[in-house]
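A short write-up of the structure that comes next.
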Amino acid sequence: MITIIGPTASGKTTLAAHLAASLIAEGQPAEIISGDSRQVYRGMDIGTGKDLCDYEVKIQEANTQHPSPTTQIPSPITKIPYHLIDICDPGEKYNIFEFQQDFLKAYEDITSRGALPILCGGSGLYVESVIREYHLSPVPKNEELREELSHKNMTELTAILMDLKEKNNSDMHNKTDVDSPQRAIRAIEIEAYNLEHKTEDRYFPPIETTIIGVDIPRDERRRKISTRLKNRVDEGMVDEIKRILDSGVSADDLIYYGLEYKYVTEYVIGKRSYDSMLKELEIAIHQFAKRQMTWFRGMERRGCTINWIDAMLPMEEKVKAIRNITGF
């Protein structure tokens with residue numbers, strides 16, 4: 001397997017798709033498994049940056065001036081198969097254990113057909129749970145604990161979570177993936193459960209992978225984030241969130257997903273102004289990208305070898321670099 005990671009707006013999905021197209025063109029089937037914690041939700045398209053058009057890669061048409069009778073003219077677009085996108089409904093609380101199980105099903109399906117899996121995502125916790133074989137189990141709701149924690153603020157919740165992580169010697173639940181009280185409470189619930197239940201009998205199979213990191217300069221990353229946010233607003237992100245709310249999903253459930261869904265929902269329900277929404281959301285996304293990079297550097301400290309490539313290189317050179325590194 002090839003794993004491609006990088007912060008938001010680094011172009012990792014487009015790169016993964018072009019890599020897959022390059023392999024497919026040479027007879028090696030390849031499919032992408034999304035490692036994004038929010039793109040699993042149907043209808044949450046603009047806010048999560050789903051950009052399904054990224055999975056359609058334009059290729060050069062063959063020279064058809066003097067084709068022979070046996071010449072096969074390829075389609076000008078290669079459609080890359082993808083997995084773990086649009087697999088559950090908004091309002092559900094998809095979690096890392098479910099991701100592991102769904103990943104494994106997709107991985108086994110892809111490899112059983114002789115194709116190469118390419119894991120691609122920016123949710124460091126999800127990606128690392130596969131790479132480092134986290135031994136997880138389904139954690140039931142603890143209503144008593146939730147009630148006990150319901151009146152605490154983020155500072156208090158973070159302190160409780162950090163204490164449990166230290167007791168568990170846990171790498172899970174970095175700030176990258178815990179950015180609201182609801183998510184922090186769920187993380188505490190999981191860590192508390194794991195503290196009381198042995199992990200020896202839990203199993204996740206080792207999967208050999210080469211990790212590619214997309215390294216984008218900070219200033220360019222910030223520029224792309226700002227531009228992309230403006231584009232998403234222009235494309236109808238506010239209307240998308242209004243539509244989800246109108247479908248019956250509660251505001252609290254949408255706020256749970258963080259970032260775009262937190263700030264835009266608060267604007268829609270009148271908790272913040274339009275200008276405040278845009279300004280604070282842009283700051284939050286910049287901070288999120290920084291935390292993603294912190295997580296990836298932490299993966300290196302925890303023993304993962306990440307082969308970093310320059311995001312500013314032409315696409316052809318980036319694909320070539322990955323193929324040289326991986327040997328595919």
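Ordering of the structure tokens sets the chain letters (A, B, ...); residue numbers start at 1 within each chain; ligands are numbered from 1 in the order shown.
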
Lys262 in chain A surroundings by only C-alpha atoms, 12 Å radius, close-in-sequence under 3 positions cut, as an mmCIF file with N, CA and C atoms, in the first residue's frame:
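around_24.cif written:
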data_model
loop_
_atom_site.group_PDB
_atom_site.id
_atom_site.type_symbol
_atom_site.label_atom_id
_atom_site.label_comp_id
_atom_site.auth_asym_id
_atom_site.auth_seq_id
_atom_site.Cartn_x
_atom_site.Cartn_y
_atom_site.Cartn_z
ATOM 1 N N GLY A 47 -18.413 21.616 2.444
ATOM 2 C CA GLY A 47 -17.717 21.894 3.702
ATOM 3 C C GLY A 47 -16.556 20.970 3.989
ATOM 4 N N THR A 48 -16.630 19.722 3.518
ATOM 5 C CA THR A 48 -15.535 18.780 3.740
ATOM 6 C C THR A 48 -14.506 18.802 2.616
ATOM 7 N N ASP A 179 -11.796 19.026 18.677
ATOM 8 C CA ASP A 179 -11.847 20.486 18.625
ATOM 9 C C ASP A 179 -13.194 21.044 19.052
ATOM 10 N N SER A 180 -13.978 20.242 19.769
ATOM 11 C CA SER A 180 -15.244 20.722 20.306
ATOM 12 C C SER A 180 -15.540 19.940 21.588
ATOM 13 N N PRO A 181 -16.382 20.472 22.481
ATOM 14 C CA PRO A 181 -16.699 19.746 23.716
ATOM 15 C C PRO A 181 -17.270 18.352 23.454
ATOM 16 N N GLN A 182 -18.135 18.233 22.432
ATOM 17 C CA GLN A 182 -18.728 16.922 22.148
ATOM 18 C C GLN A 182 -17.671 15.900 21.776
ATOM 19 N N VAL A 238 -22.910 27.714 2.684
ATOM 20 C CA VAL A 238 -23.951 28.093 3.648
ATOM 21 C C VAL A 238 -25.266 27.401 3.298
ATOM 22 N N ILE A 241 -25.292 23.724 4.330
ATOM 23 C CA ILE A 241 -25.518 23.497 5.756
ATOM 24 C C ILE A 241 -26.972 23.785 6.130
ATOM 25 N N SER A 250 -29.715 17.987 13.733
ATOM 26 C CA SER A 250 -29.706 19.079 14.704
ATOM 27 C C SER A 250 -28.466 19.940 14.555
ATOM 28 N N ALA A 251 -28.575 21.187 15.004
ATOM 29 C CA ALA A 251 -27.427 22.095 14.971
ATOM 30 C C ALA A 251 -26.278 21.537 15.805
ATOM 31 N N ASP A 252 -26.582 20.956 16.964
ATOM 32 C CA ASP A 252 -25.529 20.395 17.819
ATOM 33 C C ASP A 252 -24.772 19.279 17.112
ATOM 34 N N ASP A 253 -25.515 18.467 16.343
ATOM 35 C CA ASP A 253 -24.854 17.375 15.618
ATOM 36 C C ASP A 253 -23.916 17.914 14.544
ATOM 37 N N LEU A 254 -24.317 18.979 13.871
ATOM 38 C CA LEU A 254 -23.440 19.555 12.851
ATOM 39 C C LEU A 254 -22.240 20.248 13.488
ATOM 40 N N ILE A 255 -22.465 20.949 14.572
ATOM 41 C CA ILE A 255 -21.370 21.628 15.272
ATOM 42 C C ILE A 255 -20.330 20.612 15.744
ATOM 43 N N TYR A 256 -20.780 19.404 16.060
ATOM 44 C CA TYR A 256 -19.899 18.318 16.498
ATOM 45 C C TYR A 256 -18.774 18.060 15.491
ATOM 46 N N TYR A 257 -19.076 18.240 14.190
ATOM 47 C CA TYR A 257 -18.086 17.920 13.163
ATOM 48 C C TYR A 257 -16.982 18.972 13.041
ATOM 49 N N GLY A 258 -17.128 20.102 13.690
ATOM 50 C CA GLY A 258 -16.057 21.090 13.746
ATOM 51 C C GLY A 258 -15.856 21.896 12.476
ATOM 52 N N LEU A 259 -14.901 22.820 12.542
ATOM 53 C CA LEU A 259 -14.490 23.662 11.423
ATOM 54 C C LEU A 259 -15.685 24.233 10.662
ATOM 55 N N THR A 265 -22.740 26.681 10.873
ATOM 56 C CA THR A 265 -23.975 26.371 11.591
ATOM 57 C C THR A 265 -24.287 27.447 12.621
ATOM 58 N N GLU A 266 -23.275 27.897 13.350
ATOM 59 C CA GLU A 266 -23.496 28.956 14.338
ATOM 60 C C GLU A 266 -23.970 30.250 13.667
ATOM 61 N N TYR A 267 -23.503 30.504 12.456
ATOM 62 C CA TYR A 267 -23.991 31.662 11.704
ATOM 63 C C TYR A 267 -25.453 31.462 11.294
ATOM 64 N N VAL A 268 -25.758 30.289 10.789
ATOM 65 C CA VAL A 268 -27.108 30.014 10.294
ATOM 66 C C VAL A 268 -28.139 30.103 11.425
ATOM 67 N N ILE A 269 -27.779 29.654 12.619
ATOM 68 C CA ILE A 269 -28.757 29.672 13.725
ATOM 69 C C ILE A 269 -28.694 30.979 14.514
ATOM 70 N N LYS A 271 -25.993 32.543 15.987
ATOM 71 C CA LYS A 271 -25.064 32.684 17.105
ATOM 72 C C LYS A 271 -23.886 33.595 16.790
ATOM 73 N N ARG A 272 -23.622 33.844 15.517
ATOM 74 C CA ARG A 272 -22.521 34.722 15.128
ATOM 75 C C ARG A 272 -22.869 35.418 13.816
ATOM 76 N N MET A 277 -18.170 34.771 11.289
ATOM 77 C CA MET A 277 -18.067 33.400 10.810
ATOM 78 C C MET A 277 -16.891 33.232 9.877
ATOM 79 N N LEU A 278 -16.781 34.108 8.876
ATOM 80 C CA LEU A 278 -15.699 33.990 7.899
ATOM 81 C C LEU A 278 -14.331 34.178 8.544
ATOM 82 N N GLU A 280 -13.363 33.967 11.812
ATOM 83 C CA GLU A 280 -12.988 32.950 12.791
ATOM 84 C C GLU A 280 -12.776 31.589 12.141
ATOM 85 N N LEU A 281 -13.556 31.293 11.122
ATOM 86 C CA LEU A 281 -13.386 30.015 10.430
ATOM 87 C C LEU A 281 -12.048 29.966 9.715
ATOM 88 N N ALA A 284 -9.444 29.299 12.219
ATOM 89 C CA ALA A 284 -9.528 27.925 12.712
ATOM 90 C C ALA A 284 -8.931 26.933 11.722
ATOM 91 N N ILE A 285 -9.157 27.160 10.417
ATOM 92 C CA ILE A 285 -8.603 26.240 9.417
ATOM 93 C C ILE A 285 -7.083 26.352 9.363
#

Distance query Asn153 in chain A at most 12 Å, only C-alpha atoms, self and fewer than 2 positions along chain excluded, as a list in words
Glu148, Leu149, Ser150, His151, Thr155, Glu156, Leu157, Thr158, Ala159, Ile160, Asp179, Ser180, Pro181, Gln182, Ala184 and Ile185 of chain A

Go ahead and write the selection's residues with C-alpha atoms as a tab-separated table (two decimals), in the first residue's frame.
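Written out: again.tsv:
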chain	number	residue	atom	x	y	z
A	148	GLU	CA	-20.77	14.40	34.60
A	149	LEU	CA	-18.73	16.09	31.87
A	150	SER	CA	-21.54	18.07	30.23
A	151	HIS	CA	-20.98	21.27	32.24
A	155	THR	CA	-9.90	23.62	29.15
A	156	GLU	CA	-11.26	21.30	31.83
A	157	LEU	CA	-12.11	18.57	29.31
A	158	THR	CA	-8.65	18.77	27.75
A	159	ALA	CA	-7.00	18.39	31.17
A	160	ILE	CA	-9.09	15.29	31.90
A	179	ASP	CA	-11.85	20.49	18.62
A	180	SER	CA	-15.24	20.72	20.31
A	181	PRO	CA	-16.70	19.75	23.72
A	182	GLN	CA	-18.73	16.92	22.15
A	184	ALA	CA	-13.59	15.88	23.68
A	185	ILE	CA	-16.24	14.12	25.77

Please identify all polymer residues within 8 Å of Met1 in chain A, counting only C-alpha atoms, omitting same-chain residues fewer than 2 positions from it, and present them as a PDB file with N, CA and C atoms, in the first residue's frame.
ATOM      1  N   THR A   3       0.688   5.243   1.165  1.00  0.00           N
ATOM      2  CA  THR A   3      -0.077   6.178   1.984  1.00  0.00           C
ATOM      3  C   THR A   3       0.380   7.595   1.669  1.00  0.00           C
ATOM      4  N   LEU A 116      -3.756  -1.946  -6.376  1.00  0.00           N
ATOM      5  CA  LEU A 116      -2.922  -1.348  -5.331  1.00  0.00           C
ATOM      6  C   LEU A 116      -3.742  -0.341  -4.535  1.00  0.00           C
ATOM      7  N   PRO A 117      -3.847  -0.500  -3.217  1.00  0.00           N
ATOM      8  CA  PRO A 117      -4.551   0.496  -2.409  1.00  0.00           C
ATOM      9  C   PRO A 117      -3.659   1.720  -2.170  1.00  0.00           C
ATOM     10  N   ILE A 118      -4.252   2.908  -2.284  1.00  0.00           N
ATOM     11  CA  ILE A 118      -3.571   4.152  -1.945  1.00  0.00           C
ATOM     12  C   ILE A 118      -4.410   4.828  -0.863  1.00  0.00           C
ATOM     13  N   LEU A 119      -3.900   4.822   0.358  1.00  0.00           N
ATOM     14  CA  LEU A 119      -4.590   5.486   1.470  1.00  0.00           C
ATOM     15  C   LEU A 119      -4.225   6.960   1.440  1.00  0.00           C
ATOM     16  N   ILE A 207      -0.051  -3.968   8.066  1.00  0.00           N
ATOM     17  CA  ILE A 207      -0.142  -3.684   6.634  1.00  0.00           C
ATOM     18  C   ILE A 207       1.103  -2.922   6.214  1.00  0.00           C
ATOM     19  N   GLU A 208       1.808  -3.479   5.257  1.00  0.00           N
ATOM     20  CA  GLU A 208       3.043  -2.840   4.801  1.00  0.00           C
ATOM     21  C   GLU A 208       2.700  -1.645   3.911  1.00  0.00           C
ATOM     22  N   THR A 209       3.288  -0.504   4.215  1.00  0.00           N
ATOM     23  CA  THR A 209       3.000   0.691   3.429  1.00  0.00           C
ATOM     24  C   THR A 209       4.218   1.600   3.378  1.00  0.00           C
ATOM     25  N   THR A 210       4.311   2.348   2.293  1.00  0.00           N
ATOM     26  CA  THR A 210       5.287   3.430   2.176  1.00  0.00           C
ATOM     27  C   THR A 210       4.523   4.736   2.330  1.00  0.00           C
TER      28      THR A 210
END

Env of range 214-223 of chain A: 12 Å cut, atoms = only C-alpha atoms, seq-sep filter 5 positions within chain, self excluded. Answer as a PyMOL selection string.
chain A and resi 3-16+120-122+228-230+282-290+292-293+296-297+306-313+315+318-319+321-322

With N, CA and C atoms retained, export the selected residues as a compact mmCIF listing (two decimals), in the first residue's frame.
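result19.txt written:
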# COMPACT_ATOMS: atom_id res chain seq x y z
N THR A 3 0.69 5.24 1.16
CA THR A 3 -0.08 6.18 1.98
C THR A 3 0.38 7.59 1.67
N ILE A 4 -0.56 8.47 1.37
CA ILE A 4 -0.23 9.87 1.07
C ILE A 4 -0.92 10.76 2.11
N ILE A 5 -0.11 11.51 2.85
CA ILE A 5 -0.65 12.39 3.88
C ILE A 5 -0.18 13.83 3.62
N GLY A 6 -0.82 14.75 4.27
CA GLY A 6 -0.45 16.15 4.13
C GLY A 6 -1.52 17.02 4.75
N PRO A 7 -1.20 18.26 5.05
CA PRO A 7 -2.19 19.15 5.65
C PRO A 7 -3.26 19.55 4.64
N THR A 8 -4.33 20.12 5.14
CA THR A 8 -5.40 20.60 4.27
C THR A 8 -4.84 21.59 3.25
N ALA A 9 -5.33 21.54 2.04
CA ALA A 9 -4.94 22.42 0.93
C ALA A 9 -3.55 22.11 0.37
N SER A 10 -3.00 20.95 0.70
CA SER A 10 -1.67 20.60 0.17
C SER A 10 -1.75 19.91 -1.19
N GLY A 11 -2.97 19.53 -1.61
CA GLY A 11 -3.13 18.88 -2.91
C GLY A 11 -2.93 17.39 -2.88
N LYS A 12 -3.05 16.77 -1.70
CA LYS A 12 -2.76 15.34 -1.58
C LYS A 12 -3.74 14.45 -2.35
N THR A 13 -5.04 14.83 -2.36
CA THR A 13 -6.01 14.00 -3.07
C THR A 13 -5.78 14.02 -4.58
N THR A 14 -5.52 15.21 -5.11
CA THR A 14 -5.22 15.32 -6.54
C THR A 14 -3.98 14.53 -6.89
N LEU A 15 -2.99 14.59 -6.02
CA LEU A 15 -1.75 13.85 -6.24
C LEU A 15 -2.01 12.35 -6.22
N ALA A 16 -2.79 11.88 -5.24
CA ALA A 16 -3.10 10.45 -5.15
C ALA A 16 -3.82 9.98 -6.42
N CYS A 120 -5.24 7.82 1.42
CA CYS A 120 -4.97 9.25 1.29
C CYS A 120 -5.84 10.03 2.26
N GLY A 121 -5.22 10.86 3.09
CA GLY A 121 -6.04 11.65 4.00
C GLY A 121 -5.24 12.57 4.90
N GLY A 122 -5.98 13.47 5.52
CA GLY A 122 -5.38 14.42 6.44
C GLY A 122 -5.77 14.20 7.87
N ARG A 228 -9.41 28.87 -0.99
CA ARG A 228 -10.36 27.75 -1.03
C ARG A 228 -11.59 28.04 -0.19
N LEU A 229 -11.41 28.69 0.95
CA LEU A 229 -12.55 29.03 1.79
C LEU A 229 -13.49 29.98 1.05
N LYS A 230 -12.92 30.99 0.40
CA LYS A 230 -13.75 31.93 -0.36
C LYS A 230 -14.51 31.19 -1.46
N GLU A 282 -11.67 31.04 9.06
CA GLU A 282 -10.38 31.07 8.37
C GLU A 282 -9.23 30.85 9.36
N ILE A 283 -9.31 31.51 10.50
CA ILE A 283 -8.28 31.33 11.54
C ILE A 283 -8.26 29.88 12.01
N ALA A 284 -9.44 29.30 12.22
CA ALA A 284 -9.53 27.92 12.71
C ALA A 284 -8.93 26.93 11.72
N ILE A 285 -9.16 27.16 10.42
CA ILE A 285 -8.60 26.24 9.42
C ILE A 285 -7.08 26.35 9.36
N HIS A 286 -6.56 27.57 9.46
CA HIS A 286 -5.11 27.74 9.52
C HIS A 286 -4.53 27.01 10.73
N GLN A 287 -5.20 27.13 11.86
CA GLN A 287 -4.72 26.46 13.07
C GLN A 287 -4.81 24.95 12.92
N PHE A 288 -5.87 24.48 12.27
CA PHE A 288 -6.05 23.05 12.05
C PHE A 288 -4.92 22.49 11.19
N ALA A 289 -4.56 23.21 10.12
CA ALA A 289 -3.48 22.75 9.24
C ALA A 289 -2.16 22.67 10.00
N LYS A 290 -1.95 23.64 10.87
CA LYS A 290 -0.72 23.63 11.69
C LYS A 290 -0.71 22.41 12.62
N GLN A 292 -2.26 19.61 12.08
CA GLN A 292 -2.03 18.42 11.25
C GLN A 292 -0.54 18.16 11.08
N MET A 293 0.21 19.21 10.76
CA MET A 293 1.65 19.05 10.58
C MET A 293 2.32 18.61 11.89
N PHE A 296 1.74 14.92 12.11
CA PHE A 296 2.60 14.14 11.20
C PHE A 296 4.04 14.09 11.71
N ARG A 297 4.53 15.18 12.27
CA ARG A 297 5.87 15.17 12.86
C ARG A 297 5.90 14.22 14.06
N ILE A 306 8.38 8.94 7.04
CA ILE A 306 7.60 9.69 6.06
C ILE A 306 8.55 10.26 5.02
N ASN A 307 8.30 9.94 3.77
CA ASN A 307 9.10 10.45 2.66
C ASN A 307 8.45 11.74 2.16
N TRP A 308 9.04 12.88 2.50
CA TRP A 308 8.43 14.17 2.17
C TRP A 308 8.79 14.59 0.75
N ILE A 309 7.77 15.06 0.01
CA ILE A 309 8.02 15.60 -1.32
C ILE A 309 7.46 17.03 -1.39
N ASP A 310 8.05 17.82 -2.25
CA ASP A 310 7.70 19.23 -2.36
C ASP A 310 6.37 19.41 -3.10
N ALA A 311 5.39 20.00 -2.42
CA ALA A 311 4.08 20.22 -3.04
C ALA A 311 4.14 21.15 -4.24
N MET A 312 5.21 21.96 -4.32
CA MET A 312 5.29 22.96 -5.38
C MET A 312 5.86 22.40 -6.68
N LEU A 313 6.31 21.16 -6.67
CA LEU A 313 6.82 20.55 -7.90
C LEU A 313 5.69 20.34 -8.89
N MET A 315 3.13 18.36 -11.21
CA MET A 315 2.48 17.09 -10.89
C MET A 315 3.25 15.89 -11.44
N LYS A 318 6.11 15.09 -9.18
CA LYS A 318 5.70 14.52 -7.90
C LYS A 318 5.33 13.05 -8.06
N VAL A 319 4.59 12.74 -9.12
CA VAL A 319 4.22 11.35 -9.37
C VAL A 319 5.46 10.50 -9.61
N ALA A 321 8.46 11.08 -8.51
CA ALA A 321 9.19 10.94 -7.25
C ALA A 321 8.58 9.84 -6.39
N ILE A 322 7.25 9.80 -6.33
CA ILE A 322 6.59 8.77 -5.52
C ILE A 322 6.87 7.39 -6.09

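Counting only C-alpha atoms, the residue from A:Asp45, A:Glu300, A:Glu26, A:Glu31 that sits nearest to Glu260 in chain A is A:Asp45.
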
DSSP-assigned helix (DSSP H, G or I) members of range 25-208 of chain A, reported as a ChimeraX atom specification
/A:25,52-55,96-112,124-131,143-149,154-168,181-196

Nearest to Thr111 in chain A among A:Asn324, A:Gln28, A:Ser247, A:Asn231, with distances taken over only C-alpha atoms: which residue is it?
A:Gln28

Could you give me the residues within range 65-201 of chain A that DSSP places in strand (DSSP E or B), as a list in words?
Ile77, Thr78, Lys79, Tyr82, His83, Cys88, Leu116, Pro117, Ile118, Leu119, Cys120 and Gly121 of chain A

One-decimal distance in Å that lies between CA of Glu92 in chain A and CA of His135 in chain A
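So the answer is 22.9 Å.
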
Contacts of range 78-84 of chain A at 6 Å (only C-alpha atoms; same-chain gap of 6+ positions) as a list in words:
Glu31, Ile32, Ile33, Ser34, Val40, Tyr55, Glu56 and Val57 of chain A

Counting only C-alpha atoms, what is within 12 Å of Lys320 in chain A, bar same-chain residues fewer than 6 positions away, as a ChimeraX atom specification?
/A:15,18-20,22-23,309,313-314,326-328

Keeping only all heavy atoms, write the selected residues to a file as an mmCIF file, in the first residue's frame.
data_model
loop_
_atom_site.group_PDB
_atom_site.id
_atom_site.type_symbol
_atom_site.label_atom_id
_atom_site.label_comp_id
_atom_site.auth_asym_id
_atom_site.auth_seq_id
_atom_site.Cartn_x
_atom_site.Cartn_y
_atom_site.Cartn_z
ATOM 1 N N LEU A 15 -2.994 14.594 -6.015
ATOM 2 C CA LEU A 15 -1.751 13.848 -6.242
ATOM 3 C C LEU A 15 -2.014 12.348 -6.218
ATOM 4 O O LEU A 15 -1.520 11.606 -7.086
ATOM 5 C CB LEU A 15 -0.716 14.229 -5.177
ATOM 6 C CG LEU A 15 0.595 13.443 -5.197
ATOM 7 C CD1 LEU A 15 1.278 13.551 -6.554
ATOM 8 C CD2 LEU A 15 1.523 13.930 -4.080
ATOM 9 N N HIS A 18 -3.670 11.345 -9.470
ATOM 10 C CA HIS A 18 -2.740 11.329 -10.609
ATOM 11 C C HIS A 18 -1.761 10.152 -10.505
ATOM 12 O O HIS A 18 -1.389 9.567 -11.529
ATOM 13 C CB HIS A 18 -1.974 12.653 -10.686
ATOM 14 C CG HIS A 18 -2.740 13.741 -11.373
ATOM 15 N ND1 HIS A 18 -3.754 14.447 -10.757
ATOM 16 C CD2 HIS A 18 -2.660 14.239 -12.644
ATOM 17 C CE1 HIS A 18 -4.249 15.332 -11.603
ATOM 18 N NE2 HIS A 18 -3.614 15.215 -12.756
ATOM 19 N N LEU A 19 -1.355 9.816 -9.294
ATOM 20 C CA LEU A 19 -0.505 8.644 -9.112
ATOM 21 C C LEU A 19 -1.254 7.391 -9.559
ATOM 22 O O LEU A 19 -0.702 6.563 -10.298
ATOM 23 C CB LEU A 19 -0.084 8.528 -7.644
ATOM 24 C CG LEU A 19 0.646 7.234 -7.264
ATOM 25 C CD1 LEU A 19 1.982 7.120 -8.002
ATOM 26 C CD2 LEU A 19 0.855 7.163 -5.750
ATOM 27 N N ALA A 20 -2.501 7.257 -9.118
ATOM 28 C CA ALA A 20 -3.302 6.094 -9.503
ATOM 29 C C ALA A 20 -3.477 6.029 -11.019
ATOM 30 O O ALA A 20 -3.352 4.960 -11.625
ATOM 31 C CB ALA A 20 -4.662 6.141 -8.807
ATOM 32 N N SER A 22 -1.509 7.216 -13.296
ATOM 33 C CA SER A 22 -0.222 6.835 -13.892
ATOM 34 C C SER A 22 -0.016 5.324 -13.834
ATOM 35 O O SER A 22 0.440 4.702 -14.805
ATOM 36 C CB SER A 22 0.911 7.554 -13.155
ATOM 37 O OG SER A 22 2.181 7.078 -13.560
ATOM 38 N N LEU A 23 -0.376 4.727 -12.698
ATOM 39 C CA LEU A 23 -0.233 3.280 -12.541
ATOM 40 C C LEU A 23 -1.217 2.535 -13.442
ATOM 41 O O LEU A 23 -0.859 1.555 -14.097
ATOM 42 C CB LEU A 23 -0.463 2.899 -11.072
ATOM 43 C CG LEU A 23 0.602 3.410 -10.088
ATOM 44 C CD1 LEU A 23 0.099 3.291 -8.658
ATOM 45 C CD2 LEU A 23 1.896 2.619 -10.263
ATOM 46 N N ILE A 309 7.769 15.061 0.008
ATOM 47 C CA ILE A 309 8.020 15.604 -1.317
ATOM 48 C C ILE A 309 7.457 17.026 -1.388
ATOM 49 O O ILE A 309 6.518 17.370 -0.669
ATOM 50 C CB ILE A 309 7.419 14.728 -2.441
ATOM 51 C CG1 ILE A 309 5.892 14.663 -2.322
ATOM 52 C CG2 ILE A 309 8.015 13.338 -2.425
ATOM 53 C CD1 ILE A 309 5.238 13.971 -3.503
ATOM 54 N N LEU A 313 6.314 21.160 -6.672
ATOM 55 C CA LEU A 313 6.824 20.552 -7.901
ATOM 56 C C LEU A 313 5.686 20.336 -8.892
ATOM 57 O O LEU A 313 4.520 20.162 -8.493
ATOM 58 C CB LEU A 313 7.473 19.201 -7.592
ATOM 59 C CG LEU A 313 8.801 19.205 -6.834
ATOM 60 C CD1 LEU A 313 9.183 17.769 -6.461
ATOM 61 C CD2 LEU A 313 9.889 19.854 -7.655
ATOM 62 N N PRO A 314 5.981 20.320 -10.191
ATOM 63 C CA PRO A 314 4.945 19.974 -11.173
ATOM 64 C C PRO A 314 4.399 18.579 -10.876
ATOM 65 O O PRO A 314 5.107 17.714 -10.355
ATOM 66 C CB PRO A 314 5.702 20.001 -12.512
ATOM 67 C CG PRO A 314 6.883 20.896 -12.269
ATOM 68 C CD PRO A 314 7.266 20.672 -10.841
ATOM 69 N N THR A 326 8.636 4.400 -4.036
ATOM 70 C CA THR A 326 7.876 3.175 -3.717
ATOM 71 C C THR A 326 8.265 1.987 -4.584
ATOM 72 O O THR A 326 8.004 0.830 -4.202
ATOM 73 C CB THR A 326 6.365 3.417 -3.898
ATOM 74 O OG1 THR A 326 6.111 3.772 -5.271
ATOM 75 C CG2 THR A 326 5.898 4.546 -2.989
ATOM 76 N N GLY A 327 8.851 2.242 -5.732
ATOM 77 C CA GLY A 327 9.215 1.139 -6.636
ATOM 78 C C GLY A 327 8.083 0.655 -7.507
ATOM 79 O O GLY A 327 8.223 -0.349 -8.219
ATOM 80 N N PHE A 328 6.942 1.373 -7.508
ATOM 81 C CA PHE A 328 5.822 0.974 -8.372
ATOM 82 C C PHE A 328 5.919 1.679 -9.730
ATOM 83 O O PHE A 328 6.400 2.786 -9.825
ATOM 84 C CB PHE A 328 4.490 1.335 -7.710
ATOM 85 C CG PHE A 328 4.123 0.387 -6.608
ATOM 86 C CD1 PHE A 328 4.308 0.748 -5.279
ATOM 87 C CD2 PHE A 328 3.602 -0.866 -6.888
ATOM 88 C CE1 PHE A 328 3.967 -0.136 -4.248
ATOM 89 C CE2 PHE A 328 3.247 -1.731 -5.862
ATOM 90 C CZ PHE A 328 3.448 -1.377 -4.543
#

Work out how far apart CA of Val130 in chain A and CA of Arg301 in chain A are and give it in Å to one decimal.
16.7 Å

Which residue out of A:Glu128, A:Glu317, A:Glu147, A:Glu108 has the minimum interatomic distance to Arg186 in chain A when only C-alpha atoms are used?
A:Glu147

So that I can see what lies close to Gln101 in chain A, please list as number ranges by chain the residues with an atom at most 10 Å from it, counting only C-alpha atoms and leaving out residues fewer than 4 positions away in the same chain.
A: 96-97, 105-107, 130, 136, 204

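Between Lys141 in chain A and the residues A:Lys165, A:Arg183, A:Tyr193, A:Ser170, the shortest atom-to-atom distance, using only C-alpha atoms, involves A:Tyr193.
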
Would you work out the distance separating CA of Ile131 in chain A from CA of Gln39 in chain A, expressed in Å to one decimal?
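These two atoms are separated by 19.7 Å.
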